[in-house]
file model_22.cif (mmCIF, C-alpha atoms and all ligand atoms)
data_work
loop_
_atom_site.label_atom_id
_atom_site.label_comp_id
_atom_site.auth_asym_id
_atom_site.auth_seq_id
_atom_site.Cartn_x
_atom_site.Cartn_y
_atom_site.Cartn_z
CA MET A 1 -14.05 -14.55 16.71
CA SER A 2 -11.03 -13.43 14.66
CA ARG A 3 -8.04 -12.11 16.59
CA THR A 4 -6.64 -8.59 16.41
CA LEU A 5 -3.65 -8.20 14.07
CA THR A 6 -0.82 -5.96 15.21
CA VAL A 7 0.71 -3.41 12.83
CA GLY A 8 4.26 -2.05 12.63
CA ILE A 9 4.98 0.99 10.44
CA ALA A 10 8.35 1.94 8.92
CA GLY A 11 8.52 5.72 8.47
CA LEU A 12 6.37 8.45 10.03
CA GLY A 13 6.05 10.81 7.06
CA ALA A 14 3.12 11.73 4.81
CA ILE A 15 1.90 8.13 4.73
CA GLY A 16 3.14 6.58 7.99
CA LEU A 17 2.04 9.27 10.43
CA HIS A 18 -1.47 9.51 8.96
CA LEU A 19 -1.81 5.75 9.06
CA ALA A 20 -0.51 5.59 12.64
CA ARG A 21 -3.03 8.25 13.72
CA ALA A 22 -5.91 6.40 12.08
CA LEU A 23 -4.92 3.11 13.73
CA ASP A 24 -4.55 4.79 17.09
CA ALA A 25 -8.02 6.33 16.72
CA GLY A 26 -9.29 2.74 16.47
CA VAL A 27 -9.83 0.28 13.63
CA GLU A 28 -11.66 -2.96 14.35
CA GLY A 29 -9.33 -5.96 14.22
CA LEU A 30 -6.11 -3.91 14.04
CA SER A 31 -3.82 -2.46 16.68
CA LEU A 32 -0.77 -0.22 16.23
CA HIS A 33 2.15 -2.12 17.71
CA SER A 34 5.33 -0.27 16.72
CA VAL A 35 6.85 2.38 14.51
CA ALA A 36 10.36 2.90 13.16
CA ALA A 37 11.52 6.44 12.51
CA ARG A 38 14.80 8.07 11.54
CA ASP A 39 14.48 10.69 14.28
CA HIS A 40 13.21 9.13 17.53
CA ASP A 41 12.72 12.46 19.37
CA LYS A 42 10.58 13.77 16.52
CA ALA A 43 8.67 10.49 16.47
CA ARG A 44 7.98 10.73 20.21
CA ALA A 45 6.70 14.29 19.72
CA ASN A 46 4.49 13.21 16.81
CA LEU A 47 3.06 10.35 18.84
CA SER A 48 2.63 12.32 22.07
CA GLY A 49 -1.14 12.73 21.81
CA PHE A 50 -1.74 9.08 21.00
CA ARG A 51 -4.21 7.11 23.12
CA LYS A 52 -1.80 4.19 23.26
CA MET A 53 1.89 4.81 22.62
CA PRO A 54 3.36 2.29 20.16
CA ALA A 55 6.90 1.02 20.63
CA ILE A 56 9.55 3.01 18.77
CA THR A 57 11.87 0.41 17.32
CA ASP A 58 14.51 -0.15 14.68
CA LEU A 59 13.54 -1.43 11.23
CA ALA A 60 14.15 -5.09 12.07
CA GLY A 61 12.10 -4.77 15.26
CA LEU A 62 8.97 -4.01 13.24
CA ALA A 63 8.85 -7.65 12.22
CA GLU A 64 7.50 -8.50 15.69
CA ALA A 65 4.14 -7.21 14.40
CA ASP A 66 1.75 -9.36 12.34
CA ILE A 67 1.59 -6.76 9.58
CA VAL A 68 4.56 -4.60 8.56
CA VAL A 69 3.74 -1.49 6.54
CA GLU A 70 6.70 0.10 4.77
CA ALA A 71 6.17 3.89 4.40
CA ALA A 72 9.77 5.04 4.10
CA PRO A 73 12.21 6.01 1.32
CA ALA A 74 12.77 3.29 -1.29
CA SER A 75 16.42 3.10 -0.22
CA ILE A 76 15.51 1.18 2.96
CA PHE A 77 12.78 -0.95 1.38
CA GLU A 78 14.92 -4.09 1.29
CA GLU A 79 15.85 -3.95 4.97
CA VAL A 80 12.21 -3.65 6.03
CA ALA A 81 11.00 -6.25 3.55
CA LYS A 82 13.62 -8.87 4.37
CA ALA A 83 12.98 -8.76 8.13
CA ALA A 84 9.19 -9.01 7.71
CA ILE A 85 9.39 -11.78 5.13
CA ALA A 86 11.94 -13.80 7.13
CA LYS A 87 9.44 -13.88 10.02
CA GLY A 88 6.52 -14.88 7.79
CA ARG A 89 4.61 -11.62 8.32
CA ILE A 90 2.17 -9.76 6.08
CA PHE A 91 4.31 -7.16 4.32
CA VAL A 92 2.54 -4.10 2.87
CA PRO A 93 4.94 -1.94 0.83
CA SER A 94 4.30 1.69 -0.10
CA SER A 95 7.55 1.91 -2.09
CA CYS A 96 6.39 -0.90 -4.35
CA GLY A 97 8.60 0.32 -7.21
CA ALA A 98 11.48 -1.09 -5.16
CA LEU A 99 9.91 -4.54 -5.35
CA LEU A 100 10.29 -4.74 -9.15
CA PRO A 101 14.05 -5.48 -9.18
CA ARG A 102 13.65 -7.68 -6.08
CA MET A 103 11.06 -10.23 -7.14
CA HIS A 104 13.18 -12.90 -5.43
CA LEU A 105 11.50 -11.60 -2.23
CA VAL A 106 8.27 -13.15 -3.49
CA GLU A 107 10.00 -16.54 -3.69
CA GLU A 108 11.41 -15.97 -0.23
CA ALA A 109 7.90 -15.15 1.07
CA ARG A 110 6.57 -18.36 -0.46
CA ARG A 111 9.23 -20.23 1.51
CA THR A 112 8.53 -18.54 4.87
CA GLY A 113 4.74 -18.28 4.53
CA ALA A 114 4.85 -14.47 4.46
CA ARG A 115 2.47 -12.52 2.23
CA ILE A 116 3.30 -9.39 0.24
CA ILE A 117 0.21 -7.25 -0.24
CA VAL A 118 0.70 -4.29 -2.57
CA PRO A 119 -1.95 -1.67 -1.83
CA THR A 120 -3.64 0.28 -4.62
CA GLY A 121 -1.99 3.33 -3.06
CA ALA A 122 -2.39 6.54 -5.03
CA LEU A 123 -3.92 4.70 -7.99
CA LEU A 124 -7.35 3.31 -8.84
CA GLY A 125 -8.89 0.42 -10.69
CA LEU A 126 -6.47 -2.38 -9.82
CA ASP A 127 -9.48 -4.64 -9.18
CA ALA A 128 -10.51 -4.30 -12.83
CA VAL A 129 -6.91 -4.62 -14.08
CA ARG A 130 -6.42 -7.84 -12.10
CA ALA A 131 -9.70 -9.22 -13.40
CA ALA A 132 -8.78 -8.34 -16.99
CA ALA A 133 -5.35 -9.95 -16.53
CA GLU A 134 -7.02 -13.28 -15.74
CA GLY A 135 -7.81 -13.20 -19.49
CA ASP A 136 -5.95 -11.76 -22.49
CA VAL A 137 -4.65 -8.21 -22.22
CA ALA A 138 -3.26 -6.38 -25.26
CA SER A 139 -1.89 -3.27 -23.53
CA VAL A 140 -1.69 -1.39 -20.25
CA THR A 141 -0.51 2.22 -20.11
CA ILE A 142 -0.38 4.95 -17.48
CA GLU A 143 0.04 8.67 -17.98
CA THR A 144 1.21 10.54 -14.90
CA ARG A 145 0.99 14.31 -14.71
CA LYS A 146 2.33 16.08 -11.67
CA PRO A 147 2.98 19.70 -10.79
CA PRO A 148 6.75 20.13 -11.39
CA ARG A 149 7.53 20.25 -7.66
CA GLY A 150 6.04 16.76 -7.34
CA LEU A 151 8.88 15.39 -9.48
CA VAL A 152 11.82 17.26 -7.99
CA GLY A 153 14.76 15.11 -6.93
CA ALA A 154 14.10 12.12 -9.21
CA PRO A 155 17.41 10.46 -10.17
CA TYR A 156 16.37 10.23 -13.86
CA LEU A 157 15.89 14.00 -14.01
CA GLU A 158 19.25 14.60 -12.39
CA GLN A 159 21.00 12.14 -14.75
CA HIS A 160 19.42 13.82 -17.78
CA LYS A 161 19.89 17.35 -16.41
CA ILE A 162 16.17 18.12 -16.61
CA ASP A 163 15.24 21.03 -14.35
CA VAL A 164 11.52 20.50 -13.79
CA LEU A 165 11.16 23.70 -11.79
CA ALA A 166 12.03 25.55 -15.02
CA VAL A 167 8.88 24.06 -16.58
CA THR A 168 6.56 27.00 -16.00
CA ASP A 169 4.72 27.40 -19.31
CA GLU A 170 4.08 24.35 -21.51
CA LYS A 171 3.80 20.89 -19.96
CA LYS A 172 6.86 18.71 -20.64
CA LEU A 173 7.13 14.96 -21.24
CA VAL A 174 10.06 14.02 -19.01
CA PHE A 175 9.95 10.22 -19.37
CA LYS A 176 8.44 7.66 -21.72
CA GLY A 177 9.21 3.98 -21.29
CA ASN A 178 8.30 0.91 -19.30
CA ALA A 179 7.30 0.71 -15.64
CA PHE A 180 10.48 -1.08 -14.65
CA ASP A 181 12.74 1.71 -15.89
CA ALA A 182 10.37 4.38 -14.54
CA ALA A 183 10.54 2.87 -11.05
CA GLN A 184 14.36 3.06 -11.12
CA GLY A 185 14.42 6.63 -12.42
CA PHE A 186 11.54 7.96 -10.28
CA PRO A 187 11.58 5.89 -7.07
CA ALA A 188 9.62 8.46 -5.08
CA ASN A 189 7.18 9.48 -7.80
CA VAL A 190 5.64 6.59 -9.72
CA ASN A 191 5.09 3.67 -7.37
CA VAL A 192 1.63 3.70 -8.94
CA ALA A 193 3.15 2.39 -12.20
CA ALA A 194 4.75 -0.49 -10.31
CA ALA A 195 1.45 -1.41 -8.64
CA LEU A 196 -0.28 -1.27 -12.03
CA ALA A 197 2.41 -3.47 -13.57
CA LEU A 198 2.14 -6.05 -10.80
CA ALA A 199 -1.66 -6.10 -11.11
CA GLY A 200 -1.58 -6.53 -14.88
CA ILE A 201 0.99 -7.57 -17.45
CA GLY A 202 4.28 -6.92 -15.68
CA PRO A 203 6.81 -4.09 -15.49
CA ARG A 204 8.42 -4.57 -18.93
CA LYS A 205 5.13 -4.47 -20.85
CA THR A 206 3.38 -1.74 -18.82
CA MET A 207 4.18 1.58 -20.47
CA ILE A 208 4.29 4.98 -18.79
CA GLU A 209 4.53 8.64 -19.73
CA ILE A 210 5.53 11.10 -17.00
CA TRP A 211 4.66 14.76 -17.56
CA ALA A 212 5.77 17.79 -15.56
CA ASP A 213 2.71 19.98 -15.90
CA PRO A 214 2.65 23.48 -14.39
CA HIS A 215 -1.09 23.69 -15.17
CA VAL A 216 -2.17 20.91 -12.81
CA THR A 217 -2.41 21.24 -9.06
CA ARG A 218 -3.05 17.55 -8.48
CA ASN A 219 -1.00 14.40 -9.02
CA THR A 220 -2.99 12.98 -11.92
CA HIS A 221 -2.79 9.39 -13.15
CA THR A 222 -4.71 7.99 -16.13
CA ILE A 223 -4.62 4.27 -16.79
CA ARG A 224 -5.75 2.67 -20.04
CA VAL A 225 -6.25 -1.06 -20.51
CA GLU A 226 -7.14 -2.83 -23.73
CA ALA A 227 -8.18 -6.39 -22.94
CA ALA A 228 -10.22 -9.16 -24.49
CA SER A 229 -12.83 -8.75 -21.75
CA ALA A 230 -12.98 -4.98 -21.44
CA ARG A 231 -11.53 -1.63 -22.40
CA LEU A 232 -11.03 0.76 -19.53
CA THR A 233 -9.79 4.30 -19.03
CA MET A 234 -9.66 5.73 -15.54
CA THR A 235 -8.22 8.90 -14.07
CA ILE A 236 -7.49 9.85 -10.48
CA GLU A 237 -6.57 13.41 -9.47
CA ASN A 238 -4.83 13.29 -6.10
CA VAL A 239 -4.50 16.24 -3.77
CA PRO A 240 -0.78 16.41 -2.88
CA SER A 241 -0.13 16.03 0.84
CA GLU A 242 1.20 19.00 2.80
CA GLU A 243 4.14 17.00 4.19
CA ASN A 244 5.32 15.62 0.84
CA PRO A 245 3.95 17.06 -2.43
CA ARG A 246 5.07 13.96 -4.32
CA THR A 247 2.59 11.88 -2.34
CA GLY A 248 -1.17 12.08 -2.83
CA LYS A 249 -3.32 12.42 0.30
CA ILE A 250 -5.31 9.36 -0.67
CA THR A 251 -2.30 7.04 -0.21
CA PRO A 252 -2.49 6.48 3.58
CA LEU A 253 -6.26 6.13 3.22
CA SER A 254 -5.80 3.47 0.57
CA ILE A 255 -3.38 1.57 2.81
CA LEU A 256 -5.83 1.83 5.71
CA ALA A 257 -8.60 0.45 3.50
CA CYS A 258 -6.24 -2.34 2.45
CA LEU A 259 -5.45 -3.21 6.10
CA ARG A 260 -9.15 -3.18 7.01
CA GLY A 261 -9.72 -5.68 4.24
CA LEU A 262 -7.33 -8.08 5.97
CA THR A 263 -9.58 -8.43 9.00
CA SER A 264 -13.09 -7.27 8.08
CA THR A 265 -16.00 -9.67 7.94
CA LEU A 266 -17.48 -7.85 4.94
CA LYS A 267 -14.95 -7.05 2.23
CA VAL A 268 -15.90 -5.23 -0.93
CA GLY A 269 -13.87 -5.37 -4.14
CA SER A 270 -11.45 -8.03 -5.21
N1 LIG A 301 2.29 3.19 -3.57
C1 LIG A 301 1.88 4.44 -3.80
O1 LIG A 301 0.86 4.68 -4.44
C2 LIG A 301 2.66 5.56 -3.25
C3 LIG A 301 3.88 5.33 -2.68
N2 LIG A 301 4.62 6.34 -2.15
C4 LIG A 301 5.92 6.00 -1.59
O2 LIG A 301 5.77 5.68 -0.22
C5 LIG A 301 6.99 5.98 0.48
C6 LIG A 301 6.70 6.88 1.67
O3 LIG A 301 6.12 8.07 1.18
P1 LIG A 301 5.90 9.36 2.11
O4 LIG A 301 5.28 8.96 3.39
O5 LIG A 301 5.25 10.36 1.28
O6 LIG A 301 7.40 9.79 2.37
P2 LIG A 301 7.93 10.86 3.43
O7 LIG A 301 9.23 11.34 2.93
O8 LIG A 301 6.87 11.85 3.76
O9 LIG A 301 8.14 9.95 4.73
C7 LIG A 301 9.15 8.98 4.82
C8 LIG A 301 9.55 8.88 6.27
O10 LIG A 301 10.51 7.84 6.41
C9 LIG A 301 11.45 8.29 7.39
N3 LIG A 301 12.70 7.55 7.29
C10 LIG A 301 13.78 7.78 6.51
N4 LIG A 301 14.76 6.90 6.78
C11 LIG A 301 14.29 6.09 7.75
C12 LIG A 301 14.85 5.01 8.48
N5 LIG A 301 16.07 4.56 8.23
N6 LIG A 301 14.09 4.40 9.42
C13 LIG A 301 12.84 4.83 9.67
N7 LIG A 301 12.26 5.89 9.04
C14 LIG A 301 12.98 6.49 8.08
C15 LIG A 301 11.62 9.78 7.09
O11 LIG A 301 12.17 10.45 8.19
C16 LIG A 301 10.18 10.17 6.80
O12 LIG A 301 9.49 10.57 7.97
C17 LIG A 301 7.92 6.63 -0.54
O13 LIG A 301 8.80 5.68 -1.08
C18 LIG A 301 6.94 7.10 -1.62
O14 LIG A 301 7.54 7.20 -2.87
C19 LIG A 301 4.14 7.61 -2.15
C20 LIG A 301 2.93 7.88 -2.71
C21 LIG A 301 2.11 6.90 -3.35
O1 LIG A 302 0.87 10.09 -4.85
C1 LIG A 302 0.94 9.95 -6.07
O2 LIG A 302 0.23 10.58 -6.87
C2 LIG A 302 1.81 8.90 -6.67
C3 LIG A 302 3.14 8.72 -6.11
O3 LIG A 302 3.70 9.59 -5.50
C4 LIG A 302 3.78 7.44 -6.37
O4 LIG A 302 3.19 6.62 -7.08
O5 LIG A 302 4.88 7.23 -5.86
#
call {"tool": "encode", "arguments": {"input": "model_22.cif", "output": "C-alpha cells"}}
result
Amino acid sequence: MSRTLTVGIAGLGAIGLHLARALDAGVEGLSLHSVAARDHDKARANLSGFRKMPAITDLAGLAEADIVVEAAPASIFEEVAKAAIAKGRIFVPSSCGALLPRMHLVEEARRTGARIIVPTGALLGLDAVRAAAEGDVASVTIETRKPPRGLVGAPYLEQHKIDVLAVTDEKKLVFKGNAFDAAQGFPANVNVAAALALAGIGPRKTMIEIWADPHVTRNTHTIRVEAASARLTMTIENVPSEENPRTGKITPLSILACLRGLTSTLKVGS
C-alpha cells in the first residue's frame, strides 16, 4: 500500500485555487495540507466551503508538505523553491520560466534529494519532445499567439514601449528570440516556452515567436520539432481563465494530472 502524499500550494489564483478545490474534492493518494496566500482573509473566504480546511501558512511553511506546488507570481518563485528543495520535497513549479536563470537549484535538489517536476502546464506534447531529445534534434520552435490582453504587463513590452492593447487590427509579432530571453521578458506569459526548452534542447536553442493577435480568443501555442526520429507539429488552443486571462484553463488540470501521476498505480505517458 503506498502512502498518501501531502500537498502545499503557493498562491490561490487561477491555478492554485482550482487545484486546491480539486484536491479537496478528493484525489486518491493525495491530500491538501497547506496553502500560502498574500491575503489570508481572502484565502479563508475562498476555502470556506472546503470539506477539510488546509493550514494557511507562509511560503516557507509549505515545505512541511511532501509536494510543494508553486502557483504564484514569478517574483516569489525562488523563496518557494529554496524552502521546498532544502527539505528534500517534490517541487512542482508553475512559473517554470523562473527556473531557467536558477538552474543551480537543480544541483541543490540533487544534494538534498528533492525532485523538481515541471508540469506540461498549458502546453502539449512534452512526452514526444523528451523522447525525441533522447536522440538527435535539429530544431525546436514555439509560436505563441495570445489575445492582446493576455500579454498586458510583460516587462519586455514596457521596456520596448509596445502597447499591445493598441493592436486591434493586424496581428503583431512582439518578440522573436530564444526561450531564455522570452522567459525574462514575459515571466507571466510564456512559461510554456521554458517547459518546452527544459524538455528538449535547452533555453538558448529553443526559439520562440510571440504574437499579439486580436483575432484569436484563445491562448494558442504551436510547437515544431525537427528530430532524427520524428518531425512533429502540435497546436493547443487554451481557453483563458476568468481569473487571469494570461493563464489557460487547462493549466491547473495539467498540474493535477501531473500530481496524480506521482501516486497512481497506472500511469500513462512518459
Ligand atoms: N507552466 C505553465 O504552463 C503556466 C504557468 N503560469 C504561471 O503560473 C503562475 C501562477 O499563475 P496564475 O495562477 O494564473 O496567477 P494568478 O495571478 O491568478 O495567481 C497568483 C496568486 O498568487 C498570490 N500571491 C502573490 N504574492 C504572494 C505571496 N507572497 N504569497 C502567497 N501568494 C501570493 C496572488 O495573490 C494570486 O492569488 C504565474 O507565474 C503564471 O505565469 C500560468 C499559465 C501557464
Ligand atoms: O496559459 C497559457 O496559455 C500559457 C501561459 O500563460 C504561460 O505559459 O505562462
call {"tool": "closest_residue", "arguments": {"input": "model_22.cif", "among": "A:Leu12, A:Val137, A:Val69, A:Ala60", "to": "A:Cys96", "atoms": "all atoms listed in the file"}}
result
A:Val69
call {"tool": "closest_residue", "arguments": {"input": "model_22.cif", "among": "A:Gly135, A:Gly261, A:Pro187, A:Gly125", "to": "A:Pro155", "atoms": "only C-alpha atoms"}}
result
A:Pro187
call {"tool": "residues_near_ligand", "arguments": {"input": "model_22.cif", "ligand": "ligand LIG 301 (chain A)", "cutoff": "6 Å", "atoms": "only C-alpha atoms and all ligand atoms", "output": "count of residues only"}}
result
30
call {"tool": "residues_near_point", "arguments": {"input": "model_22.cif", "point": "(-5.7, 3.1, -21.9)", "cutoff": "9 Å", "atoms": "all atoms listed in the file", "output": "short mmCIF file (atom, residue, chain, number, x, y, z; two decimals) with C-alpha atoms, in the coordinates of the input"}}
result
data_model
loop_
_atom_site.label_atom_id
_atom_site.label_comp_id
_atom_site.auth_asym_id
_atom_site.auth_seq_id
_atom_site.Cartn_x
_atom_site.Cartn_y
_atom_site.Cartn_z
CA SER A 139 -1.89 -3.27 -23.53
CA VAL A 140 -1.69 -1.39 -20.25
CA THR A 141 -0.51 2.22 -20.11
CA ILE A 142 -0.38 4.95 -17.48
CA GLU A 143 0.04 8.67 -17.98
CA THR A 222 -4.71 7.99 -16.13
CA ILE A 223 -4.62 4.27 -16.79
CA ARG A 224 -5.75 2.67 -20.04
CA VAL A 225 -6.25 -1.06 -20.51
CA GLU A 226 -7.14 -2.83 -23.73
CA ARG A 231 -11.53 -1.63 -22.40
CA LEU A 232 -11.03 0.76 -19.53
CA THR A 233 -9.79 4.30 -19.03
CA MET A 234 -9.66 5.73 -15.54
#
call {"tool": "closest_residue", "arguments": {"input": "model_22.cif", "among": "A:Ala43, A:Ala228, A:Ile208, A:Val7", "to": "A:Ser31", "atoms": "all atoms listed in the file"}}
result
A:Val7
call {"tool": "atom_distance", "arguments": {"input": "model_22.cif", "atom1": "atom CA of A:Asp58", "atom2": "atom CA of A:Val27"}}
result
24.4 Å
call {"tool": "closest_residue", "arguments": {"input": "model_22.cif", "among": "A:Ala179, A:Ile67, A:Ala138, A:Ala25", "to": "A:Gly49", "atoms": "all atoms listed in the file"}}
result
A:Ala25
call {"tool": "residues_around", "arguments": {"input": "model_22.cif", "residues": "A:Leu30", "least_positions_apart": "2", "cutoff": "9 Å", "atoms": "only C-alpha atoms", "output": "PyMOL selection string"}}
result
chain A and resi 3-7+23+26-28+32+259-260+263
call {"tool": "residues_around", "arguments": {"input": "model_22.cif", "residues": "A:Ile250", "least_positions_apart": "3", "cutoff": "7 Å", "atoms": "only C-alpha atoms", "output": "PyMOL selection string"}}
result
chain A and resi 122+238+253-254
call {"tool": "atom_distance", "arguments": {"input": "model_22.cif", "atom1": "atom CA of A:Phe180", "atom2": "atom CA of A:Arg204"}}
result
5.9 Å
call {"tool": "atom_distance", "arguments": {"input": "model_22.cif", "atom1": "atom CA of A:Ile116", "atom2": "atom CA of A:Phe91"}}
result
4.8 Å
call {"tool": "residues_around", "arguments": {"input": "model_22.cif", "residues": "A:Ala212", "least_positions_apart": "2", "cutoff": "8 Å", "atoms": "only C-alpha atoms", "output": "ChimeraX atom specification"}}
result
/A:145-148,151,164,167,171-174,210,214
call {"tool": "closest_residue", "arguments": {"input": "model_22.cif", "among": "A:Lys205, A:Lys161, A:Arg149, A:Lys267", "to": "ligand LIG 302 (chain A)", "atoms": "all atoms listed in the file"}}
result
A:Arg149
call {"tool": "closest_residue", "arguments": {"input": "model_22.cif", "among": "A:Leu124, A:Ile85, A:Val106, A:Ala55", "to": "A:His33", "atoms": "only C-alpha atoms"}}
result
A:Ala55
call {"tool": "residues_around", "arguments": {"input": "model_22.cif", "residues": "A:Ser34", "least_positions_apart": "3", "cutoff": "8 Å", "atoms": "all atoms listed in the file", "output": "list of chain:residue names"}}
result
A:Val7, A:Gly8, A:Ile9, A:Pro54, A:Ala55, A:Ile56, A:Thr57, A:Leu62, A:Ala65
call {"tool": "decode", "arguments": {"input": "model_22.cif", "residues": "stretch 41-50 of chain A", "atoms": "all heavy atoms", "output": "compact mmCIF listing (two decimals), in the first residue's frame"}}
result
# COMPACT_ATOMS: atom_id res chain seq x y z
N ASP A 41 -7.29 36.71 4.70
CA ASP A 41 -8.74 36.78 4.86
C ASP A 41 -9.44 36.29 3.59
O ASP A 41 -10.41 35.53 3.64
CB ASP A 41 -9.18 38.23 5.16
CG ASP A 41 -8.75 38.63 6.57
OD1 ASP A 41 -8.53 37.72 7.40
OD2 ASP A 41 -8.63 39.85 6.83
N LYS A 42 -8.90 36.74 2.45
CA LYS A 42 -9.48 36.30 1.17
C LYS A 42 -9.31 34.79 1.01
O LYS A 42 -10.22 34.08 0.55
CB LYS A 42 -8.77 37.05 0.02
CG LYS A 42 -9.41 36.85 -1.31
CD LYS A 42 -8.80 37.79 -2.34
CE LYS A 42 -9.13 37.33 -3.75
NZ LYS A 42 -8.21 37.84 -4.74
N ALA A 43 -8.15 34.30 1.43
CA ALA A 43 -7.90 32.85 1.33
C ALA A 43 -8.90 32.09 2.17
O ALA A 43 -9.48 31.09 1.72
CB ALA A 43 -6.47 32.54 1.77
N ARG A 44 -9.12 32.57 3.40
CA ARG A 44 -10.09 31.89 4.29
C ARG A 44 -11.48 31.87 3.64
O ARG A 44 -12.17 30.86 3.67
CB ARG A 44 -10.15 32.59 5.66
CG ARG A 44 -9.38 31.81 6.74
CD ARG A 44 -9.57 32.44 8.11
NE ARG A 44 -8.92 33.74 8.20
CZ ARG A 44 -7.62 33.90 8.46
NH1 ARG A 44 -6.85 32.86 8.68
NH2 ARG A 44 -7.10 35.10 8.50
N ALA A 45 -11.85 33.00 3.02
CA ALA A 45 -13.17 33.05 2.36
C ALA A 45 -13.22 32.06 1.19
O ALA A 45 -14.19 31.33 1.01
CB ALA A 45 -13.43 34.48 1.87
N ASN A 46 -12.14 32.02 0.41
CA ASN A 46 -12.10 31.10 -0.74
C ASN A 46 -12.15 29.64 -0.31
O ASN A 46 -12.62 28.78 -1.05
CB ASN A 46 -10.82 31.33 -1.55
CG ASN A 46 -10.97 32.49 -2.52
OD1 ASN A 46 -12.06 32.75 -3.01
ND2 ASN A 46 -9.88 33.19 -2.78
N LEU A 47 -11.63 29.36 0.88
CA LEU A 47 -11.54 27.97 1.32
C LEU A 47 -12.73 27.57 2.21
O LEU A 47 -12.81 26.43 2.66
CB LEU A 47 -10.25 27.77 2.14
CG LEU A 47 -8.93 28.05 1.41
CD1 LEU A 47 -7.77 28.06 2.41
CD2 LEU A 47 -8.66 27.01 0.34
N SER A 48 -13.66 28.52 2.41
CA SER A 48 -14.69 28.31 3.44
C SER A 48 -15.57 27.09 3.19
O SER A 48 -15.99 26.43 4.12
CB SER A 48 -15.55 29.56 3.62
OG SER A 48 -16.20 29.82 2.40
N GLY A 49 -15.82 26.76 1.94
CA GLY A 49 -16.68 25.61 1.67
C GLY A 49 -15.94 24.28 1.62
O GLY A 49 -16.53 23.26 1.28
N PHE A 50 -14.65 24.31 1.92
CA PHE A 50 -13.85 23.09 1.75
C PHE A 50 -14.28 22.02 2.76
O PHE A 50 -14.67 22.32 3.89
CB PHE A 50 -12.36 23.39 1.91
CG PHE A 50 -11.69 23.85 0.64
CD1 PHE A 50 -12.34 24.72 -0.23
CD2 PHE A 50 -10.42 23.41 0.31
CE1 PHE A 50 -11.73 25.15 -1.41
CE2 PHE A 50 -9.81 23.82 -0.88
CZ PHE A 50 -10.47 24.69 -1.73
